[in-house]
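Structure, as structure tokens:
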Amino acid sequence: MKASTLETIFLIFTLISYVPIISIPFVLGELLKKNNFFILLLLSIVLTFLFSTVSIYWTEKLSNEFMYDIYGFNSYGMSDTEHWIKEISIDNKKTIERIYYRSMGIGWNLKLIISYIMLVIPYNLITCGIIYKRKIH
């Protein structure tokens, strides 16, 4: 299997992992019988944090390491000869190197913090507010 095909499959898994994050406030809004905004918001924030952690860890760490193992790439090698454990095609090698160099920079935990503060918390506030207003009226 080509590395680009495997990368696309992992991208699909990543996109599927966003579905629970998006749907949690709506599911909780239906499940909670009490019309309490703070309980809905607190549960939504906690559950989306757990799902966001798993999703971003999968996206940034596990899927890359899994691809490195499949194609015999040692990410801890110091030179190009130490990076490659086995011979693979040039297309796969370019794809793996692109993934490797793209993963440089900030780690998955900092990406989690940034995405949670910038995206997930405002999303939870807006959706929980809309759900609460709809339940009142």
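Following the order of the structure tokens, first chain is A, next is B, and so on, with residues numbered from 1 inside each chain and ligands from 1 in the order they appear.
Neighbours of Glu7 of chain A closer than or equal to 10 Å, with only C-alpha atoms counted and sequence neighbours fewer than 6 positions away skipped, come out as Phe13, Ser63, Asn64, Met67, Thr95, Ile96 and Ile99 of chain A.
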key: All residues 9 Å or closer to segment 34-47 of chain A, only C-alpha atoms, same chain fewer than 4 positions away omitted, as a PyMOL selection string   = chain A and resi 21+24-25+28-29+51-52+120-121+124-125+128-129+131-132+135-136
Contacts of Met1 of chain A at 12 Å or less, counting only C-alpha atoms, minus same-chain residues fewer than 2 places along, as an mmCIF file with N, CA and C atoms, in the first residue's frame?
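What follows is the written file part_31.cif:
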```cif
data_model
loop_
_atom_site.group_PDB
_atom_site.id
_atom_site.type_symbol
_atom_site.label_atom_id
_atom_site.label_comp_id
_atom_site.auth_asym_id
_atom_site.auth_seq_id
_atom_site.Cartn_x
_atom_site.Cartn_y
_atom_site.Cartn_z
ATOM 1 N N ALA A 3 2.133 5.009 0.738
ATOM 2 C CA ALA A 3 2.101 5.823 1.952
ATOM 3 C C ALA A 3 1.049 6.920 1.856
ATOM 4 N N SER A 4 0.849 7.466 0.665
ATOM 5 C CA SER A 4 -0.165 8.518 0.518
ATOM 6 C C SER A 4 -1.574 7.961 0.726
ATOM 7 N N THR A 5 -1.808 6.710 0.314
ATOM 8 C CA THR A 5 -3.107 6.071 0.541
ATOM 9 C C THR A 5 -3.331 5.849 2.031
ATOM 10 N N LEU A 6 -2.309 5.375 2.709
ATOM 11 C CA LEU A 6 -2.403 5.163 4.152
ATOM 12 C C LEU A 6 -2.615 6.488 4.885
ATOM 13 N N GLU A 7 -1.967 7.535 4.405
ATOM 14 C CA GLU A 7 -2.152 8.857 5.002
ATOM 15 C C GLU A 7 -3.598 9.332 4.828
ATOM 16 N N THR A 8 -4.195 9.050 3.679
ATOM 17 C CA THR A 8 -5.594 9.411 3.434
ATOM 18 C C THR A 8 -6.528 8.630 4.349
ATOM 19 N N ILE A 9 -6.242 7.358 4.555
ATOM 20 C CA ILE A 9 -7.053 6.543 5.465
ATOM 21 C C ILE A 9 -6.986 7.102 6.880
ATOM 22 N N MET A 67 2.768 4.978 10.854
ATOM 23 C CA MET A 67 3.287 5.008 9.483
ATOM 24 C C MET A 67 4.798 4.820 9.464
ATOM 25 N N ILE A 70 5.441 1.092 9.819
ATOM 26 C CA ILE A 70 5.092 0.315 8.625
ATOM 27 C C ILE A 70 6.169 0.442 7.552
ATOM 28 N N TYR A 71 6.684 1.647 7.358
ATOM 29 C CA TYR A 71 7.633 1.879 6.270
ATOM 30 C C TYR A 71 9.083 1.870 6.720
ATOM 31 N N ILE A 88 12.382 1.373 0.578
ATOM 32 C CA ILE A 88 11.022 1.544 0.073
ATOM 33 C C ILE A 88 11.080 2.384 -1.198
ATOM 34 N N SER A 89 9.958 2.511 -1.871
ATOM 35 C CA SER A 89 9.926 3.271 -3.122
ATOM 36 C C SER A 89 10.137 4.763 -2.856
ATOM 37 N N ASP A 91 8.413 7.334 -3.972
ATOM 38 C CA ASP A 91 7.168 8.042 -3.640
ATOM 39 C C ASP A 91 6.825 7.897 -2.162
ATOM 40 N N ASN A 92 6.929 6.671 -1.659
ATOM 41 C CA ASN A 92 6.647 6.445 -0.238
ATOM 42 C C ASN A 92 7.657 7.178 0.640
#
```
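Of note, atom CA of Thr53 of chain A and atom CA of Thr14 of chain A are spaced 12.1 Å apart.
Checking A:Ser75, A:Ser55, A:Phe66, A:Lys93 one by one against Val19 of chain A, counting only C-alpha atoms, you find the shortest gap at A:Ser55.
Secondary structure from DSSP on the backbone puts alpha helix (DSSP H) at the following positions of segment 49-88 of chain A: Phe49, Leu50, Phe51, Ser52, Thr53, Val54, Ser55, Ile56, Tyr57, Ser63, Asn64, Glu65, Phe66, Met67, Tyr68, Asp69, Ile70, Asp80, Thr81, Glu82 and His83 of chain A.
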query = Of the residues A:Tyr57, A:Lys86, A:Gly77, A:Gly72, which is the one nearest to Lys111 of chain A, using only C-alpha atoms?
reply = A:Tyr57
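Using only C-alpha atoms for every distance, the candidate list A:Phe73, A:Thr48, A:Lys33, A:Arg134 yields A:Thr48 as the residue closest to Tyr18 of chain A.
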